[in-house]
$ cat protein11.cif   # mmCIF, C-alpha atoms
data_my_file
#
loop_
_atom_site.group_PDB
_atom_site.id
_atom_site.type_symbol
_atom_site.label_atom_id
_atom_site.label_comp_id
_atom_site.auth_asym_id
_atom_site.auth_seq_id
_atom_site.Cartn_x
_atom_site.Cartn_y
_atom_site.Cartn_z
ATOM 1 C CA ASP A 1 94.810 74.020 -68.806
ATOM 2 C CA THR A 2 94.187 70.895 -66.794
ATOM 3 C CA GLY A 3 94.316 72.443 -63.329
ATOM 4 C CA VAL A 4 96.250 71.314 -60.272
ATOM 5 C CA SER A 5 96.328 67.557 -59.778
ATOM 6 C CA GLN A 6 97.273 65.521 -56.727
ATOM 7 C CA ASP A 7 98.059 61.874 -56.242
ATOM 8 C CA PRO A 8 96.886 59.806 -54.483
ATOM 9 C CA ARG A 9 93.476 61.147 -53.561
ATOM 10 C CA HIS A 10 93.276 58.937 -50.489
ATOM 11 C CA LYS A 11 95.942 57.240 -48.416
ATOM 12 C CA ILE A 12 95.482 54.991 -45.405
ATOM 13 C CA THR A 13 98.635 54.058 -43.554
ATOM 14 C CA LYS A 14 99.675 52.598 -40.251
ATOM 15 C CA ARG A 15 101.372 54.698 -37.624
ATOM 16 C CA GLY A 16 105.107 54.763 -38.109
ATOM 17 C CA GLN A 17 105.049 54.264 -41.871
ATOM 18 C CA ASN A 18 106.339 56.797 -44.392
ATOM 19 C CA VAL A 19 104.070 58.336 -47.018
ATOM 20 C CA THR A 20 104.710 60.512 -50.066
ATOM 21 C CA PHE A 21 102.247 62.692 -51.937
ATOM 22 C CA ARG A 22 102.636 64.269 -55.354
ATOM 23 C CA CYS A 23 101.335 67.548 -56.735
ATOM 24 C CA ASP A 24 101.366 68.683 -60.362
ATOM 25 C CA PRO A 25 100.679 72.419 -60.641
ATOM 26 C CA ILE A 26 99.187 74.350 -63.538
ATOM 27 C CA SER A 27 101.937 74.217 -66.118
ATOM 28 C CA GLU A 28 102.865 77.899 -66.412
ATOM 29 C CA HIS A 29 102.672 78.611 -62.658
ATOM 30 C CA ASN A 30 105.953 79.312 -60.885
ATOM 31 C CA ARG A 31 104.700 79.174 -57.293
ATOM 32 C CA LEU A 32 103.600 75.984 -55.549
ATOM 33 C CA TYR A 33 102.124 75.788 -52.048
ATOM 34 C CA TRP A 34 101.265 73.035 -49.584
ATOM 35 C CA TYR A 35 98.511 73.431 -46.992
ATOM 36 C CA ARG A 36 96.990 71.095 -44.425
ATOM 37 C CA GLN A 37 93.303 71.047 -43.572
ATOM 38 C CA THR A 38 91.880 69.230 -40.554
ATOM 39 C CA LEU A 39 88.206 68.527 -40.054
ATOM 40 C CA GLY A 40 86.147 71.635 -39.471
ATOM 41 C CA GLN A 41 89.070 74.001 -39.971
ATOM 42 C CA GLY A 42 90.404 76.172 -42.742
ATOM 43 C CA PRO A 43 93.580 75.199 -44.553
ATOM 44 C CA GLU A 44 96.859 76.036 -42.801
ATOM 45 C CA PHE A 45 100.018 76.913 -44.677
ATOM 46 C CA LEU A 46 102.884 74.415 -44.624
ATOM 47 C CA THR A 47 105.441 75.540 -47.207
ATOM 48 C CA TYR A 48 105.880 77.073 -50.630
ATOM 49 C CA PHE A 49 108.250 77.040 -53.596
ATOM 50 C CA GLN A 50 109.211 79.599 -56.186
ATOM 51 C CA ASN A 51 110.347 77.444 -59.081
ATOM 52 C CA GLU A 52 112.605 74.867 -57.368
ATOM 53 C CA ALA A 53 113.528 76.993 -54.336
ATOM 54 C CA GLN A 54 111.707 76.386 -51.050
ATOM 55 C CA LEU A 55 111.187 79.907 -49.714
ATOM 56 C CA GLU A 56 109.257 79.451 -46.485
ATOM 57 C CA LYS A 57 108.334 76.678 -44.086
ATOM 58 C CA SER A 58 105.709 76.880 -41.374
ATOM 59 C CA ARG A 59 106.392 75.905 -37.791
ATOM 60 C CA LEU A 60 103.730 73.244 -38.444
ATOM 61 C CA LEU A 61 106.240 71.478 -40.668
ATOM 62 C CA SER A 62 108.122 69.301 -38.197
ATOM 63 C CA ASP A 63 111.372 67.502 -38.972
ATOM 64 C CA ARG A 64 109.341 64.492 -40.099
ATOM 65 C CA PHE A 65 107.996 66.481 -43.051
ATOM 66 C CA SER A 66 110.002 67.243 -46.160
ATOM 67 C CA ALA A 67 108.971 68.780 -49.449
ATOM 68 C CA GLU A 68 110.778 69.027 -52.748
ATOM 69 C CA ARG A 69 110.243 70.527 -56.157
ATOM 70 C CA PRO A 70 113.339 69.260 -57.952
ATOM 71 C CA LYS A 71 112.841 70.682 -61.438
ATOM 72 C CA GLY A 72 110.478 73.489 -60.649
ATOM 73 C CA SER A 73 107.503 71.517 -61.918
ATOM 74 C CA PHE A 74 105.839 68.841 -59.771
ATOM 75 C CA SER A 75 106.364 68.656 -56.018
ATOM 76 C CA THR A 76 106.408 65.879 -53.441
ATOM 77 C CA LEU A 77 105.563 66.022 -49.754
ATOM 78 C CA GLU A 78 106.918 63.211 -47.607
ATOM 79 C CA ILE A 79 105.925 62.432 -44.046
ATOM 80 C CA GLN A 80 108.207 60.078 -42.163
ATOM 81 C CA ARG A 81 107.150 57.988 -39.168
ATOM 82 C CA THR A 82 103.531 59.051 -39.465
ATOM 83 C CA GLU A 83 101.498 59.779 -36.342
ATOM 84 C CA GLN A 84 97.748 59.787 -35.857
ATOM 85 C CA GLY A 85 97.868 63.569 -35.569
ATOM 86 C CA ASP A 86 99.046 63.726 -39.187
ATOM 87 C CA SER A 87 95.606 62.598 -40.362
ATOM 88 C CA ALA A 88 94.298 65.455 -42.479
ATOM 89 C CA MET A 89 93.638 66.643 -46.004
ATOM 90 C CA TYR A 90 96.837 67.825 -47.687
ATOM 91 C CA LEU A 91 96.167 70.491 -50.300
ATOM 92 C CA CYS A 92 98.432 71.741 -53.036
ATOM 93 C CA ALA A 93 97.970 75.069 -54.781
ATOM 94 C CA SER A 94 99.781 76.951 -57.507
ATOM 95 C CA SER A 95 99.932 80.530 -58.693
ATOM 96 C CA LEU A 96 101.725 82.760 -61.144
ATOM 97 C CA VAL A 97 103.882 85.492 -59.676
ATOM 98 C CA GLY A 98 105.017 88.344 -61.869
ATOM 99 C CA ASP A 99 106.421 91.829 -61.581
ATOM 100 C CA THR A 100 103.192 93.162 -60.101
ATOM 101 C CA GLY A 101 103.070 90.600 -57.343
ATOM 102 C CA ALA A 102 101.296 87.382 -56.541
ATOM 103 C CA TYR A 103 98.039 86.323 -58.102
ATOM 104 C CA GLU A 104 95.310 84.053 -56.859
ATOM 105 C CA GLN A 105 96.119 80.502 -55.862
ATOM 106 C CA TYR A 106 94.401 77.559 -57.526
ATOM 107 C CA PHE A 107 93.932 74.423 -55.483
ATOM 108 C CA GLY A 108 94.057 70.752 -56.294
ATOM 109 C CA PRO A 109 91.510 68.205 -55.014
ATOM 110 C CA GLY A 110 93.705 67.235 -52.069
ATOM 111 C CA THR A 111 95.097 64.014 -50.638
ATOM 112 C CA ARG A 112 93.228 62.702 -47.623
ATOM 113 C CA LEU A 113 95.582 60.920 -45.241
ATOM 114 C CA THR A 114 94.303 58.595 -42.544
ATOM 115 C CA VAL A 115 96.823 57.221 -40.050
ATOM 116 C CA THR A 116 95.573 54.196 -38.121
ATOM 117 C CA GLY B 1 100.033 88.367 -37.321
ATOM 118 C CA ASN B 2 97.363 87.998 -39.958
ATOM 119 C CA SER B 3 94.014 86.491 -39.061
ATOM 120 C CA VAL B 4 90.550 85.984 -40.517
ATOM 121 C CA THR B 5 87.379 85.659 -38.462
ATOM 122 C CA GLN B 6 84.328 84.157 -40.072
ATOM 123 C CA MET B 7 80.740 83.858 -39.061
ATOM 124 C CA GLU B 8 80.276 80.524 -37.363
ATOM 125 C CA GLY B 9 78.038 77.977 -38.965
ATOM 126 C CA PRO B 10 76.319 75.937 -39.870
ATOM 127 C CA VAL B 11 73.920 78.176 -41.747
ATOM 128 C CA THR B 12 70.671 76.736 -43.072
ATOM 129 C CA LEU B 13 68.478 78.715 -45.454
ATOM 130 C CA SER B 14 65.520 78.075 -47.685
ATOM 131 C CA GLU B 15 65.928 78.288 -51.420
ATOM 132 C CA GLU B 16 65.707 81.868 -52.775
ATOM 133 C CA ALA B 17 66.585 83.377 -49.379
ATOM 134 C CA PHE B 18 69.146 86.182 -49.023
ATOM 135 C CA LEU B 19 72.585 85.102 -47.853
ATOM 136 C CA THR B 20 75.175 86.968 -45.827
ATOM 137 C CA ILE B 21 78.315 85.348 -44.425
ATOM 138 C CA ASN B 22 80.372 87.749 -42.351
ATOM 139 C CA CYS B 23 84.146 87.949 -42.594
ATOM 140 C CA THR B 24 86.530 90.325 -40.827
ATOM 141 C CA TYR B 25 90.293 90.365 -40.945
ATOM 142 C CA THR B 26 93.416 91.608 -39.222
ATOM 143 C CA ALA B 27 96.458 92.269 -41.363
ATOM 144 C CA THR B 28 99.375 94.597 -41.874
ATOM 145 C CA GLY B 29 99.092 96.870 -44.858
ATOM 146 C CA TYR B 30 96.705 96.238 -47.705
ATOM 147 C CA PRO B 31 96.007 92.552 -48.224
ATOM 148 C CA SER B 32 94.110 90.970 -51.076
ATOM 149 C CA LEU B 33 90.905 89.237 -49.989
ATOM 150 C CA PHE B 34 89.282 86.088 -51.318
ATOM 151 C CA TRP B 35 86.307 83.824 -50.919
ATOM 152 C CA TYR B 36 86.841 80.158 -51.675
ATOM 153 C CA VAL B 37 84.131 77.492 -51.842
ATOM 154 C CA GLN B 38 84.513 73.778 -51.112
ATOM 155 C CA TYR B 39 81.808 71.436 -52.387
ATOM 156 C CA PRO B 40 81.488 68.001 -50.763
ATOM 157 C CA GLY B 41 84.397 65.752 -51.674
ATOM 158 C CA GLU B 42 86.164 68.424 -53.707
ATOM 159 C CA GLY B 43 89.054 70.831 -53.323
ATOM 160 C CA LEU B 44 88.846 74.582 -52.850
ATOM 161 C CA GLN B 45 87.591 76.693 -55.718
ATOM 162 C CA LEU B 46 88.172 80.408 -55.970
ATOM 163 C CA LEU B 47 84.786 82.121 -55.873
ATOM 164 C CA LEU B 48 85.753 85.813 -55.980
ATOM 165 C CA LYS B 49 88.465 88.243 -54.999
ATOM 166 C CA ALA B 50 89.219 91.910 -54.306
ATOM 167 C CA THR B 51 92.685 93.417 -54.285
ATOM 168 C CA LYS B 52 92.155 96.918 -52.905
ATOM 169 C CA ALA B 53 89.814 98.953 -50.743
ATOM 170 C CA ASP B 54 86.289 99.501 -52.123
ATOM 171 C CA ASP B 55 86.774 96.831 -54.803
ATOM 172 C CA LYS B 56 83.774 94.572 -55.285
ATOM 173 C CA GLY B 57 84.376 90.970 -56.288
ATOM 174 C CA SER B 58 81.537 89.078 -57.917
ATOM 175 C CA ASN B 59 80.892 85.666 -59.449
ATOM 176 C CA LYS B 60 77.905 83.327 -59.901
ATOM 177 C CA GLY B 61 75.572 85.822 -58.207
ATOM 178 C CA PHE B 62 77.824 86.172 -55.145
ATOM 179 C CA GLU B 63 79.327 89.527 -54.195
ATOM 180 C CA ALA B 64 81.733 90.862 -51.574
ATOM 181 C CA THR B 65 83.079 94.393 -51.064
ATOM 182 C CA TYR B 66 86.504 95.130 -49.575
ATOM 183 C CA ARG B 67 85.812 97.541 -46.693
ATOM 184 C CA LYS B 68 89.053 98.809 -45.228
ATOM 185 C CA GLU B 69 87.368 101.052 -42.649
ATOM 186 C CA THR B 70 85.619 98.067 -41.071
ATOM 187 C CA THR B 71 88.252 95.475 -42.127
ATOM 188 C CA SER B 72 85.477 93.351 -43.575
ATOM 189 C CA PHE B 73 84.711 91.323 -46.692
ATOM 190 C CA HIS B 74 81.209 89.950 -46.198
ATOM 191 C CA LEU B 75 79.835 87.500 -48.772
ATOM 192 C CA GLU B 76 76.305 88.090 -50.085
ATOM 193 C CA LYS B 77 73.906 86.516 -52.539
ATOM 194 C CA GLY B 78 70.428 87.724 -53.270
ATOM 195 C CA SER B 79 68.746 84.378 -53.936
ATOM 196 C CA VAL B 80 70.446 81.132 -52.976
ATOM 197 C CA GLN B 81 69.957 77.779 -54.673
ATOM 198 C CA VAL B 82 70.269 74.216 -53.418
ATOM 199 C CA SER B 83 73.449 73.909 -55.500
ATOM 200 C CA ASP B 84 75.078 76.630 -53.346
ATOM 201 C CA SER B 85 75.282 74.193 -50.424
ATOM 202 C CA ALA B 86 78.974 74.006 -49.571
ATOM 203 C CA VAL B 87 81.595 75.274 -47.141
ATOM 204 C CA TYR B 88 82.733 78.855 -47.726
ATOM 205 C CA PHE B 89 86.153 80.138 -46.670
ATOM 206 C CA CYS B 90 87.255 83.734 -46.395
ATOM 207 C CA ALA B 91 91.002 84.265 -46.880
ATOM 208 C CA LEU B 92 93.595 86.987 -47.130
ATOM 209 C CA LEU B 93 96.927 87.268 -48.902
ATOM 210 C CA SER B 94 99.352 89.754 -47.442
ATOM 211 C CA ASN B 95 101.369 91.901 -49.804
ATOM 212 C CA PHE B 96 104.268 92.293 -47.392
ATOM 213 C CA GLY B 97 106.310 89.428 -48.815
ATOM 214 C CA ASN B 98 104.330 86.901 -46.827
ATOM 215 C CA GLU B 99 102.865 84.919 -49.658
ATOM 216 C CA LYS B 100 100.702 82.403 -47.868
ATOM 217 C CA LEU B 101 96.935 82.525 -47.682
ATOM 218 C CA THR B 102 95.446 82.884 -44.218
ATOM 219 C CA PHE B 103 92.011 81.280 -44.000
ATOM 220 C CA GLY B 104 89.046 81.571 -41.709
ATOM 221 C CA THR B 105 87.572 78.421 -40.207
ATOM 222 C CA GLY B 106 84.879 78.136 -42.867
ATOM 223 C CA THR B 107 81.090 78.413 -42.825
ATOM 224 C CA ARG B 108 78.989 75.430 -43.823
ATOM 225 C CA LEU B 109 75.932 76.487 -45.806
ATOM 226 C CA THR B 110 72.963 74.214 -46.404
ATOM 227 C CA ILE B 111 70.099 75.276 -48.665
ATOM 228 C CA ILE B 112 66.830 73.408 -48.313
ATOM 229 C CA PRO B 113 64.279 73.264 -51.137
#
$ encode --input "protein11.cif" --output "C-alpha coordinates"
Amino acid sequence: DTGVSQDPRHKITKRGQNVTFRCDPISEHNRLYWYRQTLGQGPEFLTYFQNEAQLEKSRLLSDRFSAERPKGSFSTLEIQRTEQGDSAMYLCASSLVGDTGAYEQYFGPGTRLTVT
Amino acid sequence: GNSVTQMEGPVTLSEEAFLTINCTYTATGYPSLFWYVQYPGEGLQLLLKATKADDKGSNKGFEATYRKETTSFHLEKGSVQVSDSAVYFCALLSNFGNEKLTFGTGTRLTIIP
(Lines of atoms letter the chains of each structure in order from A and count residues from 1; the text may use other names and numbers.)
(Lines give C-alpha, C1' and ligand atoms only; values in the text may rest on other atoms or scores of the structure.)
Protein backbone atom coordinates (compact mmCIF):
# COMPACT_ATOMS: atom_id res chain seq x y z
CA ASP A 1 0.00 0.00 0.00
CA THR A 2 1.78 3.07 -1.26
CA GLY A 3 -0.71 5.68 -0.05
CA VAL A 4 -2.27 8.56 -1.95
CA SER A 5 0.10 10.35 -4.30
CA GLN A 6 -0.23 13.72 -6.00
CA ASP A 7 1.64 15.34 -8.83
CA PRO A 8 3.12 17.89 -9.04
CA ARG A 9 3.90 18.84 -5.46
CA HIS A 10 4.38 22.48 -6.38
CA LYS A 11 3.14 24.54 -9.30
CA ILE A 12 3.83 28.19 -10.04
CA THR A 13 1.85 29.69 -12.89
CA LYS A 14 0.97 33.07 -14.27
CA ARG A 15 -2.53 34.43 -14.02
CA GLY A 16 -4.66 33.33 -16.93
CA GLN A 17 -2.83 30.07 -17.57
CA ASN A 18 -4.41 26.62 -17.24
CA VAL A 19 -3.09 24.05 -14.78
CA THR A 20 -3.82 20.36 -14.23
CA PHE A 21 -3.12 18.28 -11.15
CA ARG A 22 -3.14 14.51 -10.81
CA CYS A 23 -4.10 12.29 -7.89
CA ASP A 24 -3.52 8.55 -7.57
CA PRO A 25 -5.59 7.07 -4.74
CA ILE A 26 -4.91 3.97 -2.67
CA SER A 27 -5.50 1.18 -5.14
CA GLU A 28 -8.51 -0.56 -3.60
CA HIS A 29 -10.33 2.66 -2.63
CA ASN A 30 -13.49 3.48 -4.56
CA ARG A 31 -14.02 7.04 -3.32
CA LEU A 32 -11.80 9.97 -4.28
CA TYR A 33 -12.11 13.50 -2.90
CA TRP A 34 -10.62 16.90 -3.71
CA TYR A 35 -10.22 19.60 -1.07
CA ARG A 36 -8.66 23.06 -1.08
CA GLN A 37 -6.71 24.48 1.83
CA THR A 38 -5.75 28.15 2.11
CA LEU A 39 -3.22 29.48 4.57
CA GLY A 40 -4.35 29.25 8.16
CA GLN A 41 -7.58 27.45 7.32
CA GLY A 42 -8.83 23.90 7.36
CA PRO A 43 -9.39 22.05 4.11
CA GLU A 44 -12.64 22.80 2.26
CA PHE A 45 -14.45 20.22 0.16
CA LEU A 46 -14.47 20.68 -3.61
CA THR A 47 -15.81 17.47 -5.15
CA TYR A 48 -15.83 13.71 -4.88
CA PHE A 49 -16.11 10.59 -7.03
CA GLN A 50 -17.48 7.13 -6.44
CA ASN A 51 -15.56 5.06 -8.95
CA GLU A 52 -15.79 7.17 -12.14
CA ALA A 53 -19.00 9.03 -11.23
CA GLN A 54 -18.73 12.58 -9.87
CA LEU A 55 -21.38 12.63 -7.14
CA GLU A 56 -21.13 16.08 -5.60
CA LYS A 57 -19.56 19.44 -6.38
CA SER A 58 -19.15 22.30 -3.94
CA ARG A 59 -20.26 25.82 -4.72
CA LEU A 60 -16.55 26.63 -4.38
CA LEU A 61 -15.99 24.79 -7.65
CA SER A 62 -16.57 27.52 -10.22
CA ASP A 63 -16.99 26.90 -13.94
CA ARG A 64 -13.23 27.29 -14.35
CA PHE A 65 -12.66 24.10 -12.36
CA SER A 66 -13.22 20.63 -13.75
CA ALA A 67 -12.40 17.24 -12.32
CA GLU A 68 -12.40 13.81 -13.90
CA ARG A 69 -11.81 10.24 -12.89
CA PRO A 70 -12.12 8.52 -16.26
CA LYS A 71 -11.46 4.89 -15.34
CA GLY A 72 -12.28 5.01 -11.68
CA SER A 73 -8.62 5.06 -10.72
CA PHE A 74 -6.57 8.27 -10.88
CA SER A 75 -8.20 11.70 -11.03
CA THR A 76 -7.29 15.05 -12.54
CA LEU A 77 -8.29 18.53 -11.43
CA GLU A 78 -7.99 21.28 -14.02
CA ILE A 79 -8.21 24.99 -13.38
CA GLN A 80 -8.68 27.18 -16.43
CA ARG A 81 -7.74 30.85 -16.61
CA THR A 82 -6.16 30.82 -13.17
CA GLU A 83 -6.64 33.77 -10.83
CA GLN A 84 -4.55 34.85 -7.86
CA GLY A 85 -7.36 33.73 -5.57
CA ASP A 86 -6.80 30.16 -6.75
CA SER A 87 -3.47 30.07 -4.90
CA ALA A 88 -3.85 27.32 -2.31
CA MET A 89 -2.92 23.77 -1.41
CA TYR A 90 -5.04 21.26 -3.33
CA LEU A 91 -5.48 18.02 -1.41
CA CYS A 92 -6.68 14.68 -2.66
CA ALA A 93 -8.04 11.96 -0.40
CA SER A 94 -9.40 8.47 -0.91
CA SER A 95 -11.52 6.08 1.09
CA LEU A 96 -13.22 2.72 0.84
CA VAL A 97 -17.00 2.72 1.02
CA GLY A 98 -18.83 -0.51 1.69
CA ASP A 99 -22.21 -1.73 2.80
CA THR A 100 -21.74 -0.30 6.29
CA GLY A 101 -20.95 3.17 5.06
CA ALA A 102 -17.94 5.36 4.51
CA TYR A 103 -14.63 4.86 6.22
CA GLU A 104 -11.87 7.28 7.05
CA GLN A 105 -10.28 9.33 4.31
CA TYR A 106 -6.55 9.15 3.65
CA PHE A 107 -4.87 12.23 2.26
CA GLY A 108 -2.08 12.78 -0.20
CA PRO A 109 0.75 15.31 0.31
CA GLY A 110 -1.04 17.98 -1.70
CA THR A 111 -0.20 20.22 -4.65
CA ARG A 112 0.69 23.77 -3.71
CA LEU A 113 -0.42 26.20 -6.41
CA THR A 114 0.94 29.72 -6.60
CA VAL A 115 -0.59 32.08 -9.16
CA THR A 116 1.53 35.15 -9.88
CA GLY B 1 -25.25 22.86 8.02
CA ASN B 2 -22.35 21.03 9.60
CA SER B 3 -19.62 22.96 11.35
CA VAL B 4 -16.60 22.40 13.58
CA THR B 5 -15.24 24.94 16.04
CA GLN B 6 -11.72 24.52 17.31
CA MET B 7 -9.72 26.17 20.01
CA GLU B 8 -7.78 29.00 18.46
CA GLY B 9 -4.03 28.82 18.45
CA PRO B 10 -1.22 29.02 18.43
CA VAL B 11 -0.60 26.90 21.50
CA THR B 12 2.89 26.75 22.99
CA LEU B 13 3.76 24.23 25.68
CA SER B 14 6.86 22.91 27.36
CA GLU B 15 7.90 19.34 26.80
CA GLU B 16 6.06 16.85 29.07
CA ALA B 17 3.17 19.27 29.67
CA PHE B 18 -0.47 18.16 29.46
CA LEU B 19 -2.26 19.04 26.24
CA THR B 20 -5.91 19.79 25.59
CA ILE B 21 -7.22 21.12 22.28
CA ASN B 22 -10.94 21.81 22.39
CA CYS B 23 -13.28 20.88 19.56
CA THR B 24 -17.06 21.24 19.37
CA TYR B 25 -19.33 20.48 16.46
CA THR B 26 -22.75 21.08 14.98
CA ALA B 27 -24.23 18.36 12.82
CA THR B 28 -27.43 16.56 11.96
CA GLY B 29 -27.69 13.06 13.30
CA TYR B 30 -24.71 11.08 14.47
CA PRO B 31 -21.52 12.04 12.66
CA SER B 32 -18.17 10.31 12.87
CA LEU B 33 -15.44 12.48 14.38
CA PHE B 34 -11.75 12.66 13.55
CA TRP B 35 -8.52 14.35 14.49
CA TYR B 36 -6.01 14.88 11.71
CA VAL B 37 -2.45 16.14 12.14
CA GLN B 38 -0.38 18.08 9.60
CA TYR B 39 3.39 18.21 10.12
CA PRO B 40 5.34 20.99 8.39
CA GLY B 41 5.49 20.46 4.64
CA GLU B 42 3.34 17.34 4.73
CA GLY B 43 -0.24 16.33 4.02
CA LEU B 44 -2.90 15.46 6.57
CA GLN B 45 -2.50 12.28 8.57
CA LEU B 46 -5.34 10.62 10.41
CA LEU B 47 -4.51 10.67 14.11
CA LEU B 48 -7.63 9.08 15.65
CA LYS B 49 -11.34 8.65 15.16
CA ALA B 50 -14.61 7.84 16.93
CA THR B 51 -17.78 6.73 15.18
CA LYS B 52 -20.42 6.83 17.91
CA ALA B 53 -21.24 8.49 21.21
CA ASP B 54 -18.95 7.62 24.15
CA ASP B 55 -16.36 6.04 21.84
CA LYS B 56 -12.78 6.92 22.71
CA GLY B 57 -10.26 7.18 19.90
CA SER B 58 -6.59 6.85 20.76
CA ASN B 59 -3.24 6.78 18.99
CA LYS B 60 0.38 7.71 19.80
CA GLY B 61 -0.59 8.77 23.34
CA PHE B 62 -3.38 11.07 22.11
CA GLU B 63 -6.99 10.48 23.13
CA ALA B 64 -10.39 12.00 22.36
CA THR B 65 -13.86 10.97 23.56
CA TYR B 66 -17.02 11.49 21.51
CA ARG B 67 -19.38 13.39 23.84
CA LYS B 68 -22.80 13.73 22.26
CA GLU B 69 -24.32 15.58 25.22
CA THR B 70 -21.79 18.39 24.87
CA THR B 71 -21.18 17.91 21.11
CA SER B 72 -17.47 17.81 21.80
CA PHE B 73 -14.39 15.81 20.82
CA HIS B 74 -11.50 17.35 22.73
CA LEU B 75 -7.97 16.10 22.01
CA GLU B 76 -5.74 15.28 24.99
CA LYS B 77 -2.24 14.00 25.62
CA GLY B 78 -0.69 13.49 29.00
CA SER B 79 2.92 14.37 28.16
CA VAL B 80 3.77 16.12 24.91
CA GLN B 81 7.05 15.85 23.03
CA VAL B 82 8.86 18.23 20.70
CA SER B 83 7.94 15.89 17.83
CA ASP B 84 4.23 16.61 18.48
CA SER B 85 4.68 20.13 17.09
CA ALA B 86 2.24 20.35 14.20
CA VAL B 87 -1.17 21.68 13.19
CA TYR B 88 -4.13 19.67 14.48
CA PHE B 89 -7.50 19.60 12.73
CA CYS B 90 -10.78 18.37 14.15
CA ALA B 91 -13.23 17.10 11.52
CA LEU B 92 -16.61 15.45 11.18
CA LEU B 93 -18.15 13.16 8.59
CA SER B 94 -21.91 13.19 8.40
CA ASN B 95 -23.72 9.91 7.94
CA PHE B 96 -26.68 11.49 6.18
CA GLY B 97 -25.38 10.87 2.67
CA ASN B 98 -23.18 13.93 2.83
CA GLU B 99 -19.83 12.30 2.45
CA LYS B 100 -17.45 15.21 2.74
CA LEU B 101 -15.32 15.98 5.75
CA THR B 102 -16.00 19.28 7.48
CA PHE B 103 -12.88 20.64 9.17
CA GLY B 104 -12.16 23.14 11.88
CA THR B 105 -9.65 25.90 11.21
CA GLY B 106 -6.80 24.02 12.85
CA THR B 107 -4.70 24.60 15.97
CA ARG B 108 -0.97 25.12 15.64
CA LEU B 109 0.91 23.44 18.48
CA THR B 110 4.53 24.21 19.30
CA ILE B 111 6.40 22.24 21.96
CA ILE B 112 9.55 23.79 23.37
CA PRO B 113 12.28 21.68 24.98
$ residues_around --input "protein11.cif" --residues "Ser14 of chain B" --least-positions-apart "2" --cutoff "6 Å" --atoms "all atoms listed in the file" --output "number ranges by chain"
B: 17, 111-112
$ write_last_selection --input "protein11.cif" --atoms "C-alpha atoms" --output "mmCIF file, in the frame of the given file"
data_model
loop_
_atom_site.group_PDB
_atom_site.id
_atom_site.type_symbol
_atom_site.label_atom_id
_atom_site.label_comp_id
_atom_site.auth_asym_id
_atom_site.auth_seq_id
_atom_site.Cartn_x
_atom_site.Cartn_y
_atom_site.Cartn_z
ATOM 1 C CA ALA B 17 66.585 83.377 -49.379
ATOM 2 C CA ILE B 111 70.099 75.276 -48.665
ATOM 3 C CA ILE B 112 66.830 73.408 -48.313
#
$ closest_residue --input "protein11.cif" --among "B:Phe103, B:Ile21, B:Thr28, B:Pro10" --to "Thr71 of chain B" --atoms "all atoms listed in the file"
B:Thr28
$ resolve_selection --input "protein11.cif" --expression "the PyMOL selection byres ((chain A) within 7 of (chain B))" --output "PyMOL selection string"
chain A and resi 40-43+45+107-110
$ atom_distance --input "protein11.cif" --atom1 "atom CA of Leu91 of chain A" --atom2 "atom CA of Tyr35 of chain A"
5.0 Å
$ resolve_selection --input "protein11.cif" --expression "the PyMOL selection byres ((chain B and resi 67) around 10)" --output "list in words"
Thr24, Lys52, Ala53, Asp54, Asp55, Lys56, Ala64, Thr65, Tyr66, Lys68, Glu69, Thr70, Thr71, Ser72, Phe73 and His74 of chain B
$ closest_residue --input "protein11.cif" --among "A:Val4, A:Val115, A:Met89, A:Leu32" --to "Leu55 of chain A" --atoms "only C-alpha atoms"
A:Leu32
$ resolve_selection --input "protein11.cif" --expression "the PyMOL selection byres ((chain A and resi 27) around 12)" --output "list in words"
Asp1, Thr2, Gly3, Val4, Ser5, Cys23, Asp24, Pro25, Ile26, Glu28, His29, Asn30, Arg31, Leu32, Asn51, Gly72, Ser73, Phe74, Ser94, Ser95, Leu96 and Tyr106 of chain A
$ axis_aligned_box --input "protein11.cif" --around "segment 43-62 of chain A" --padding-each-side "8 Å" --output "lines of an AutoDock Vina configuration file"
center_x = 103.6
center_y = 74.6
center_z = -48.4
size_x = 35.9
size_y = 26.6
size_z = 37.3
$ atom_distance --input "protein11.cif" --atom1 "atom CA of Val4 of chain B" --atom2 "atom CA of Asn59 of chain B"
21.3 Å
$ closest_residue --input "protein11.cif" --among "A:Thr13, A:Asn18, A:Gln37, A:Thr47" --to "Gln80 of chain A" --atoms "all atoms listed in the file"
A:Asn18
